[in-house]
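J.: Structure file input_23.pdb, PDB, C-alpha atoms and all ligand atoms, is pasted below:
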ATOM      1  CA  MET T   1      99.460  81.301  95.438
ATOM      2  CA  GLY T   2     100.378  84.933  96.104
ATOM      3  CA  ARG T   3      98.092  87.655  94.795
ATOM      4  CA  PHE T   4      98.786  91.316  94.264
ATOM      5  CA  ILE T   5      95.819  93.578  95.085
ATOM      6  CA  SER T   6      95.822  97.381  94.974
ATOM      7  CA  LEU T   7      93.289  99.726  96.571
ATOM      8  CA  GLU T   8      92.811 102.986  94.734
ATOM      9  CA  GLY T   9      90.721 106.125  94.953
ATOM     10  CA  GLY T  10      90.905 109.795  95.797
ATOM     11  CA  GLU T  11      91.589 111.414  99.149
ATOM     12  CA  GLY T  12      89.419 110.339 102.053
ATOM     13  CA  VAL T  13      87.503 107.511 100.357
ATOM     14  CA  GLY T  14      88.615 105.075 103.081
ATOM     15  CA  LYS T  15      91.498 103.102 101.539
ATOM     16  CA  SER T  16      93.640 103.019 104.691
ATOM     17  CA  THR T  17      90.658 102.091 106.871
ATOM     18  CA  GLN T  18      89.556  99.371 104.464
ATOM     19  CA  ILE T  19      92.962  97.870 103.759
ATOM     20  CA  ALA T  20      93.373  97.075 107.463
ATOM     21  CA  ALA T  21      89.866  95.570 107.668
ATOM     22  CA  LEU T  22      90.329  93.593 104.466
ATOM     23  CA  ALA T  23      93.659  92.206 105.676
ATOM     24  CA  GLU T  24      91.997  91.066 108.908
ATOM     25  CA  ALA T  25      89.127  89.436 107.005
ATOM     26  CA  LEU T  26      91.529  87.639 104.670
ATOM     27  CA  ARG T  27      93.719  86.451 107.554
ATOM     28  CA  ALA T  28      90.577  85.010 109.202
ATOM     29  CA  ARG T  29      90.191  82.939 106.015
ATOM     30  CA  GLY T  30      93.752  81.617 106.374
ATOM     31  CA  VAL T  31      95.373  83.919 103.822
ATOM     32  CA  ASP T  32      98.924  85.145 104.560
ATOM     33  CA  VAL T  33      98.698  88.908 103.990
ATOM     34  CA  LEU T  34     101.209  91.740 103.678
ATOM     35  CA  VAL T  35      99.837  95.284 103.818
ATOM     36  CA  THR T  36     101.887  98.008 102.204
ATOM     37  CA  ARG T  37     101.436 101.486 100.713
ATOM     38  CA  GLU T  38     102.548 103.971  98.105
ATOM     39  CA  PRO T  39     104.416 106.145  97.969
ATOM     40  CA  GLY T  40     106.466 104.077 100.402
ATOM     41  CA  GLY T  41     106.515 100.459 101.466
ATOM     42  CA  SER T  42     110.314 100.051 101.443
ATOM     43  CA  GLU T  43     113.057 102.028 103.176
ATOM     44  CA  GLY T  44     114.057 103.915 100.018
ATOM     45  CA  ALA T  45     110.488 104.528  98.914
ATOM     46  CA  GLU T  46     109.526 105.871 102.358
ATOM     47  CA  ALA T  47     112.418 108.379 102.044
ATOM     48  CA  ILE T  48     111.053 109.412  98.624
ATOM     49  CA  ARG T  49     107.543 109.682 100.188
ATOM     50  CA  ARG T  50     108.838 112.389 102.502
ATOM     51  CA  LEU T  51     110.348 114.270  99.553
ATOM     52  CA  LEU T  52     107.065 114.051  97.671
ATOM     53  CA  LEU T  53     104.546 114.862 100.371
ATOM     54  CA  GLU T  54     106.385 117.397 102.551
ATOM     55  CA  GLY T  55     107.335 120.975 101.719
ATOM     56  CA  ASP T  56     106.002 123.725  99.505
ATOM     57  CA  ALA T  57     103.310 123.182  96.888
ATOM     58  CA  GLY T  58     105.854 124.153  94.182
ATOM     59  CA  ARG T  59     108.666 121.943  95.472
ATOM     60  CA  TRP T  60     108.423 119.665  92.410
ATOM     61  CA  GLY T  61     106.984 120.167  88.964
ATOM     62  CA  PRO T  62     104.710 117.475  87.494
ATOM     63  CA  ARG T  63     107.549 115.737  85.612
ATOM     64  CA  ALA T  64     109.938 115.548  88.559
ATOM     65  CA  GLU T  65     107.013 114.357  90.693
ATOM     66  CA  ALA T  66     106.159 111.583  88.213
ATOM     67  CA  LEU T  67     109.793 110.445  88.136
ATOM     68  CA  LEU T  68     109.975 110.357  91.941
ATOM     69  CA  PHE T  69     106.776 108.271  92.164
ATOM     70  CA  ALA T  70     108.141 105.879  89.544
ATOM     71  CA  ALA T  71     111.461 105.562  91.408
ATOM     72  CA  ALA T  72     109.681 104.916  94.708
ATOM     73  CA  ARG T  73     107.461 102.301  93.026
ATOM     74  CA  SER T  74     110.460 100.547  91.492
ATOM     75  CA  ASP T  75     112.133 100.157  94.899
ATOM     76  CA  HIS T  76     108.856  99.153  96.574
ATOM     77  CA  LEU T  77     108.207  96.460  93.986
ATOM     78  CA  GLU T  78     111.723  95.048  94.094
ATOM     79  CA  LYS T  79     112.295  95.141  97.864
ATOM     80  CA  THR T  80     108.815  94.451  99.258
ATOM     81  CA  ILE T  81     106.145  93.324  96.806
ATOM     82  CA  LEU T  82     107.949  90.751  94.671
ATOM     83  CA  PRO T  83     109.625  88.955  97.609
ATOM     84  CA  ALA T  84     106.282  88.705  99.434
ATOM     85  CA  LEU T  85     104.535  87.319  96.339
ATOM     86  CA  ALA T  86     107.368  84.813  95.914
ATOM     87  CA  ASP T  87     106.670  83.684  99.512
ATOM     88  CA  GLY T  88     103.027  83.037  98.557
ATOM     89  CA  LYS T  89     101.640  86.074 100.393
ATOM     90  CA  TRP T  90      98.746  88.220  99.295
ATOM     91  CA  VAL T  91     100.066  91.772  98.966
ATOM     92  CA  LEU T  92      97.512  94.530  99.622
ATOM     93  CA  SER T  93      98.883  97.873  98.491
ATOM     94  CA  ASP T  94      97.295 101.189  99.425
ATOM     95  CA  ARG T  95      97.760 102.765  95.938
ATOM     96  CA  PHE T  96      99.978 101.664  93.031
ATOM     97  CA  ILE T  97     100.456 102.682  89.347
ATOM     98  CA  ASP T  98      96.834 103.800  88.853
ATOM     99  CA  SER T  99      97.425 106.651  91.315
ATOM    100  CA  SER T 100     100.219 107.981  89.071
ATOM    101  CA  ARG T 101      97.903 107.668  86.064
ATOM    102  CA  ALA T 102      95.105 109.531  87.890
ATOM    103  CA  TYR T 103      97.149 112.237  89.671
ATOM    104  CA  GLN T 104     100.239 112.891  87.506
ATOM    105  CA  ALA T 105      98.500 112.240  84.151
ATOM    106  CA  GLY T 106      94.732 112.770  84.575
ATOM    107  CA  ALA T 107      94.951 115.705  86.982
ATOM    108  CA  SER T 108      98.454 117.199  86.494
ATOM    109  CA  GLY T 109      98.312 116.924  82.699
ATOM    110  CA  LEU T 110     101.141 114.534  81.787
ATOM    111  CA  ALA T 111     100.442 111.958  79.090
ATOM    112  CA  ASP T 112      99.132 108.636  80.334
ATOM    113  CA  ALA T 113     101.466 106.922  77.842
ATOM    114  CA  ASP T 114     104.474 108.634  79.483
ATOM    115  CA  ILE T 115     103.419 107.429  82.941
ATOM    116  CA  LEU T 116     103.126 103.898  81.544
ATOM    117  CA  THR T 117     106.582 104.233  79.950
ATOM    118  CA  LEU T 118     108.076 105.234  83.307
ATOM    119  CA  HIS T 119     106.321 102.240  84.833
ATOM    120  CA  ARG T 120     107.754  99.930  82.176
ATOM    121  CA  ILE T 121     111.266 101.260  82.848
ATOM    122  CA  GLY T 122     111.004 101.285  86.642
ATOM    123  CA  SER T 123     108.794  98.290  87.349
ATOM    124  CA  ALA T 124     108.751  96.194  84.146
ATOM    125  CA  GLY T 125     105.124  97.296  83.691
ATOM    126  CA  ARG T 126     103.949  95.058  86.546
ATOM    127  CA  LEU T 127     100.217  95.385  87.264
ATOM    128  CA  PRO T 128      98.156  94.162  90.195
ATOM    129  CA  ASP T 129      96.023  91.021  89.777
ATOM    130  CA  ARG T 130      93.038  93.057  90.963
ATOM    131  CA  THR T 131      92.525  96.765  91.583
ATOM    132  CA  LEU T 132      89.724  97.790  93.921
ATOM    133  CA  LEU T 133      88.646 101.349  93.149
ATOM    134  CA  LEU T 134      86.770 102.874  96.087
ATOM    135  CA  THR T 135      84.332 105.588  95.092
ATOM    136  CA  LEU T 136      82.437 108.207  97.075
ATOM    137  CA  PRO T 137      80.616 111.403  96.128
ATOM    138  CA  GLU T 138      83.307 114.094  96.064
ATOM    139  CA  ALA T 139      81.700 116.155  98.839
ATOM    140  CA  VAL T 140      81.578 113.161 101.215
ATOM    141  CA  ALA T 141      85.205 112.218 100.518
ATOM    142  CA  ALA T 142      86.346 115.834 100.964
ATOM    143  CA  GLU T 143      84.433 116.082 104.252
ATOM    144  CA  ARG T 144      86.001 112.868 105.579
ATOM    145  CA  ALA T 145      89.510 113.958 104.525
ATOM    146  CA  ALA T 146      89.046 117.452 106.012
ATOM    147  CA  ALA T 147      87.788 116.029 109.336
ATOM    148  CA  ARG T 148      90.810 113.711 109.451
ATOM    149  CA  ASP T 149      93.452 116.279 108.354
ATOM    150  CA  ARG T 150      92.048 119.351 110.158
ATOM    151  CA  GLY T 151      93.699 121.691 107.651
ATOM    152  CA  GLY T 152      97.004 119.769 107.664
ATOM    153  CA  ALA T 153      96.730 118.047 104.281
ATOM    154  CA  ASP T 154      99.986 117.032 102.545
ATOM    155  CA  ARG T 155     101.437 118.651  99.367
ATOM    156  CA  ILE T 156      99.210 116.692  97.031
ATOM    157  CA  GLY T 157      96.119 116.115  99.171
ATOM    158  CA  GLY T 158      95.921 119.887  99.694
ATOM    159  CA  ARG T 159      95.380 120.642  95.981
ATOM    160  CA  ASP T 160      92.054 122.234  95.012
ATOM    161  CA  ALA T 161      88.686 120.594  94.365
ATOM    162  CA  ILE T 162      89.058 120.865  90.568
ATOM    163  CA  TYR T 163      92.313 118.893  90.756
ATOM    164  CA  HIS T 164      90.702 116.161  92.868
ATOM    165  CA  ALA T 165      87.660 116.006  90.568
ATOM    166  CA  ARG T 166      90.063 115.321  87.660
ATOM    167  CA  VAL T 167      91.704 112.569  89.727
ATOM    168  CA  ALA T 168      88.306 110.922  90.295
ATOM    169  CA  GLN T 169      87.420 111.190  86.585
ATOM    170  CA  ALA T 170      90.711 109.593  85.540
ATOM    171  CA  PHE T 171      90.278 106.691  87.976
ATOM    172  CA  ALA T 172      86.752 106.088  86.643
ATOM    173  CA  HIS T 173      88.013 106.203  83.057
ATOM    174  CA  HIS T 174      90.776 103.651  83.668
ATOM    175  CA  ALA T 175      88.373 101.350  85.529
ATOM    176  CA  ASP T 176      85.958 101.521  82.585
ATOM    177  CA  GLU T 177      88.760 100.683  80.169
ATOM    178  CA  ASP T 178      89.985  97.628  82.093
ATOM    179  CA  PRO T 179      87.005  95.854  83.700
ATOM    180  CA  HIS T 180      88.997  92.611  83.923
ATOM    181  CA  ARG T 181      91.473  94.077  86.464
ATOM    182  CA  PHE T 182      89.336  96.761  88.133
ATOM    183  CA  ARG T 183      86.344  96.423  90.405
ATOM    184  CA  VAL T 184      84.584  99.651  91.358
ATOM    185  CA  VAL T 185      83.378  99.488  94.963
ATOM    186  CA  ASP T 186      80.936 101.900  96.588
ATOM    187  CA  ALA T 187      82.732 103.228  99.698
ATOM    188  CA  SER T 188      79.689 104.907 101.246
ATOM    189  CA  GLY T 189      77.972 103.791 104.421
ATOM    190  CA  ILE T 190      79.173 101.780 107.376
ATOM    191  CA  ALA T 191      82.817 100.666 107.153
ATOM    192  CA  ASP T 192      81.963  96.974 107.801
ATOM    193  CA  HIS T 193      79.567  97.017 104.845
ATOM    194  CA  VAL T 194      82.289  98.413 102.603
ATOM    195  CA  THR T 195      84.629  95.596 103.685
ATOM    196  CA  ILE T 196      81.995  93.026 102.687
ATOM    197  CA  ARG T 197      81.737  94.664  99.246
ATOM    198  CA  LEU T 198      85.522  94.485  98.891
ATOM    199  CA  LEU T 199      85.586  90.795  99.845
ATOM    200  CA  ASP T 200      82.861  90.157  97.256
ATOM    201  CA  ALA T 201      85.042  91.872  94.668
ATOM    202  CA  LEU T 202      87.816  89.358  95.449
ATOM    203  CA  ALA T 203      85.588  86.287  95.649
ATOM    204  CA  ASP T 204      86.867  84.753  92.408
ATOM    205  CA  LEU T 205      90.491  84.959  93.617
ATOM    206  CA  LEU T 206      89.959  83.522  97.100
ATOM    207  CA  PRO T 207      91.381  80.051  97.817
TER     208      PRO T 207
HETATM  209  N1  LIG R 301      82.812 104.056 106.127
HETATM  210  C1  LIG R 301      83.220 105.179 106.751
HETATM  211  N2  LIG R 301      82.334 106.015 107.286
HETATM  212  C2  LIG R 301      82.720 107.163 107.890
HETATM  213  N3  LIG R 301      84.019 107.561 108.020
HETATM  214  C3  LIG R 301      84.946 106.763 107.492
HETATM  215  C4  LIG R 301      84.611 105.535 106.838
HETATM  216  N4  LIG R 301      85.764 104.963 106.405
HETATM  217  C5  LIG R 301      86.765 105.787 106.771
HETATM  218  N5  LIG R 301      86.284 106.854 107.452
HETATM  219  C6  LIG R 301      87.050 107.976 108.005
HETATM  220  O1  LIG R 301      87.331 108.869 106.900
HETATM  221  C7  LIG R 301      88.652 109.406 107.005
HETATM  222  C8  LIG R 301      89.433 109.026 105.743
HETATM  223  O2  LIG R 301      89.615 107.597 105.726
HETATM  224  P1  LIG R 301      90.987 106.957 105.273
HETATM  225  O3  LIG R 301      92.147 107.673 105.906
HETATM  226  O4  LIG R 301      90.881 105.497 105.467
HETATM  227  O5  LIG R 301      90.939 107.321 103.713
HETATM  228  P2  LIG R 301      92.040 107.196 102.585
HETATM  229  O6  LIG R 301      91.334 106.814 101.345
HETATM  230  O7  LIG R 301      93.162 106.310 103.021
HETATM  231  O8  LIG R 301      92.541 108.697 102.454
HETATM  232  P3  LIG R 301      93.920 109.324 101.865
HETATM  233  O9  LIG R 301      94.164 108.761 100.523
HETATM  234  O10 LIG R 301      93.585 110.794 101.838
HETATM  235  O11 LIG R 301      95.005 109.008 102.864
HETATM  236  C9  LIG R 301      89.263 108.820 108.288
HETATM  237  O12 LIG R 301      89.081 109.757 109.328
HETATM  238  C10 LIG R 301      88.409 107.559 108.556
HETATM  239  O13 LIG R 301      88.342 107.258 109.934
HETATM  240  C1  LIG R 302     101.087 106.518  94.771
HETATM  241  C2  LIG R 302     100.761 107.929  94.388
HETATM  242  C3  LIG R 302     100.237 108.798  95.302
HETATM  243  N1  LIG R 302      99.946 110.067  94.948
HETATM  244  C4  LIG R 302      99.407 110.998  95.966
HETATM  245  C5  LIG R 302      98.019 110.678  96.432
HETATM  246  C6  LIG R 302      97.974 111.247  97.828
HETATM  247  O1  LIG R 302      97.672 112.621  97.733
HETATM  248  C7  LIG R 302      99.411 111.074  98.299
HETATM  249  C8  LIG R 302      99.596 109.856  99.167
HETATM  250  O2  LIG R 302      98.943 110.075 100.365
HETATM  251  P1  LIG R 302      98.095 108.915 101.126
HETATM  252  O3  LIG R 302      97.505 109.636 102.294
HETATM  253  O4  LIG R 302      99.089 107.871 101.539
HETATM  254  O5  LIG R 302      97.072 108.404 100.182
HETATM  255  O6  LIG R 302     100.204 110.916  97.126
HETATM  256  C9  LIG R 302     100.192 110.515  93.664
HETATM  257  O7  LIG R 302      99.971 111.691  93.352
HETATM  258  N2  LIG R 302     100.711 109.649  92.755
HETATM  259  C10 LIG R 302     101.011 108.366  93.062
HETATM  260  O8  LIG R 302     101.506 107.596  92.185
END
Could you show the structure in this file as structure tokens?

T.:
Amino acid sequence: MGRFISLEGGEGVGKSTQIAALAEALRARGVDVLVTREPGGSEGAEAIRRLLLEGDAGRWGPRAEALLFAAARSDHLEKTILPALADGKWVLSDRFIDSSRAYQAGASGLADADILTLHRIGSAGRLPDRTLLLTLPEAVAAERAAARDRGGADRIGGRDAIYHARVAQAFAHHADEDPHRFRVVDASGIADHVTIRLLDALADLLP
């Protein structure tokens, strides 16, 4: 049976690194895996990704930004995620709706209910079967992201530390509110150890 898993967390916590490792570990267990990402993951959504992440800080206001993320997600779900699940694949998505709740609501100040309304309109309110929230002390995450980006962060990643602290708080709040879907995973230490923690957090879903 297909499963829909999202990886969430702030900048630099290791989602992209871990999604590749997790996919490899699942494939070694005979699971058919599709790795995808947001914003993006379909041709249309990748075009919207460029609109969202390139250009001036003020290119979009919070509302236009939320609408663009919701539009990208709608296309991603319809063109990539749902067909893969129908084929029995496990879909691992680097970010999904909880990023809009954390960034556009928690940190940019829109109402969480409005983000969920956009999600209901664009994506029929579809939620992942499991959301793995990677957490790191803010200073460690910022250091990792800065070493990777070398000053070239994108429009949203480049926002200030207060913004990213609000993102982390919102993620933690949503994870607390929905312990059935979320698992909070410590992303500190050696990457292989983090992958083991992620596999543990999926143990009940594994075939
Ligand atoms: N366990 C780890 N220990 C040390 N460095 C790590 C670890 N995991 C990832 N990194 C490094 O930290 C940086 C950020 O990792 P990665 O790009 O996977 O994070 P991310 O959560 O996808 O970030 P973003 O959301 O900003 O794209 C990369 O340079 C990566 O090589
Ligand atoms: C899905 C989604 C993403 N964002 C932000 C979070 C990051 O700053 C970028 C994506 O970059 P990454 O290197 O691929 O993680 O977009 C957001 O603000 N809202 C969302 O819904």

J.: With distances taken over only C-alpha atoms and all ligand atoms, which residue among T:Asp154, T:Asp112, T:Asp129, T:Glu54 lies nearest ligand LIG 302 (chain R)?

T.: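 Among the listed residues, T:Asp154 lies closest to ligand LIG 302 (chain R).
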
J.: Nearest residue to ligand LIG 302 (chain R) out of T:Ile5, T:Ala70, T:Val185, T:Leu51, using only C-alpha atoms and all ligand atoms?

T.: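 Of T:Ile5, T:Ala70, T:Val185, T:Leu51, the one nearest ligand LIG 302 (chain R) is T:Ala70, counting only C-alpha atoms and all ligand atoms.
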
J.: Report as a ChimeraX atom specification which protein, DNA and RNA residues come within 10 Å of ligand LIG 302 (chain R), using all atoms listed in the file.

T.: /T:8-16,37-40,49,52-53,62,65-70,72-73,93-105,107-108,115,145,149,153-159,164,167

J.: Can you write just those residues out, C-alpha atoms, as an mmCIF file, in the frame of the given file?

T.:
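That gives us result-v1.cif:
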data_model
loop_
_atom_site.group_PDB
_atom_site.id
_atom_site.type_symbol
_atom_site.label_atom_id
_atom_site.label_comp_id
_atom_site.auth_asym_id
_atom_site.auth_seq_id
_atom_site.Cartn_x
_atom_site.Cartn_y
_atom_site.Cartn_z
ATOM 1 C CA GLU T 8 92.811 102.986 94.734
ATOM 2 C CA GLY T 9 90.721 106.125 94.953
ATOM 3 C CA GLY T 10 90.905 109.795 95.797
ATOM 4 C CA GLU T 11 91.589 111.414 99.149
ATOM 5 C CA GLY T 12 89.419 110.339 102.053
ATOM 6 C CA VAL T 13 87.503 107.511 100.357
ATOM 7 C CA GLY T 14 88.615 105.075 103.081
ATOM 8 C CA LYS T 15 91.498 103.102 101.539
ATOM 9 C CA SER T 16 93.640 103.019 104.691
ATOM 10 C CA ARG T 37 101.436 101.486 100.713
ATOM 11 C CA GLU T 38 102.548 103.971 98.105
ATOM 12 C CA PRO T 39 104.416 106.145 97.969
ATOM 13 C CA GLY T 40 106.466 104.077 100.402
ATOM 14 C CA ARG T 49 107.543 109.682 100.188
ATOM 15 C CA LEU T 52 107.065 114.051 97.671
ATOM 16 C CA LEU T 53 104.546 114.862 100.371
ATOM 17 C CA PRO T 62 104.710 117.475 87.494
ATOM 18 C CA GLU T 65 107.013 114.357 90.693
ATOM 19 C CA ALA T 66 106.159 111.583 88.213
ATOM 20 C CA LEU T 67 109.793 110.445 88.136
ATOM 21 C CA LEU T 68 109.975 110.357 91.941
ATOM 22 C CA PHE T 69 106.776 108.271 92.164
ATOM 23 C CA ALA T 70 108.141 105.879 89.544
ATOM 24 C CA ALA T 72 109.681 104.916 94.708
ATOM 25 C CA ARG T 73 107.461 102.301 93.026
ATOM 26 C CA SER T 93 98.883 97.873 98.491
ATOM 27 C CA ASP T 94 97.295 101.189 99.425
ATOM 28 C CA ARG T 95 97.760 102.765 95.938
ATOM 29 C CA PHE T 96 99.978 101.664 93.031
ATOM 30 C CA ILE T 97 100.456 102.682 89.347
ATOM 31 C CA ASP T 98 96.834 103.800 88.853
ATOM 32 C CA SER T 99 97.425 106.651 91.315
ATOM 33 C CA SER T 100 100.219 107.981 89.071
ATOM 34 C CA ARG T 101 97.903 107.668 86.064
ATOM 35 C CA ALA T 102 95.105 109.531 87.890
ATOM 36 C CA TYR T 103 97.149 112.237 89.671
ATOM 37 C CA GLN T 104 100.239 112.891 87.506
ATOM 38 C CA ALA T 105 98.500 112.240 84.151
ATOM 39 C CA ALA T 107 94.951 115.705 86.982
ATOM 40 C CA SER T 108 98.454 117.199 86.494
ATOM 41 C CA ILE T 115 103.419 107.429 82.941
ATOM 42 C CA ALA T 145 89.510 113.958 104.525
ATOM 43 C CA ASP T 149 93.452 116.279 108.354
ATOM 44 C CA ALA T 153 96.730 118.047 104.281
ATOM 45 C CA ASP T 154 99.986 117.032 102.545
ATOM 46 C CA ARG T 155 101.437 118.651 99.367
ATOM 47 C CA ILE T 156 99.210 116.692 97.031
ATOM 48 C CA GLY T 157 96.119 116.115 99.171
ATOM 49 C CA GLY T 158 95.921 119.887 99.694
ATOM 50 C CA ARG T 159 95.380 120.642 95.981
ATOM 51 C CA HIS T 164 90.702 116.161 92.868
ATOM 52 C CA VAL T 167 91.704 112.569 89.727
#

J.: For the PyMOL selection byres (((chain T and resi 90) around 8) and not hetatm), applied here, can you spell out every residue it catches as a PDB file with C-alpha atoms, keeping the file's coordinate frame?

T.:
ATOM      1  CA  MET T   1      99.460  81.301  95.438  1.00  0.00           C
ATOM      2  CA  GLY T   2     100.378  84.933  96.104  1.00  0.00           C
ATOM      3  CA  ARG T   3      98.092  87.655  94.795  1.00  0.00           C
ATOM      4  CA  PHE T   4      98.786  91.316  94.264  1.00  0.00           C
ATOM      5  CA  ILE T   5      95.819  93.578  95.085  1.00  0.00           C
ATOM      6  CA  VAL T  31      95.373  83.919 103.822  1.00  0.00           C
ATOM      7  CA  ASP T  32      98.924  85.145 104.560  1.00  0.00           C
ATOM      8  CA  VAL T  33      98.698  88.908 103.990  1.00  0.00           C
ATOM      9  CA  LEU T  34     101.209  91.740 103.678  1.00  0.00           C
ATOM     10  CA  ALA T  84     106.282  88.705  99.434  1.00  0.00           C
ATOM     11  CA  LEU T  85     104.535  87.319  96.339  1.00  0.00           C
ATOM     12  CA  GLY T  88     103.027  83.037  98.557  1.00  0.00           C
ATOM     13  CA  LYS T  89     101.640  86.074 100.393  1.00  0.00           C
ATOM     14  CA  VAL T  91     100.066  91.772  98.966  1.00  0.00           C
ATOM     15  CA  LEU T  92      97.512  94.530  99.622  1.00  0.00           C
TER      16      LEU T  92
END

J.: Which of these residues is nearest to ligand LIG 301 (chain R), using only C-alpha atoms and all ligand atoms: T:Leu198, T:Ile19, T:Ile190, T:Leu134?

T.: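 Ranked by minimum distance to ligand LIG 301 (chain R), first place goes to T:Ile190.
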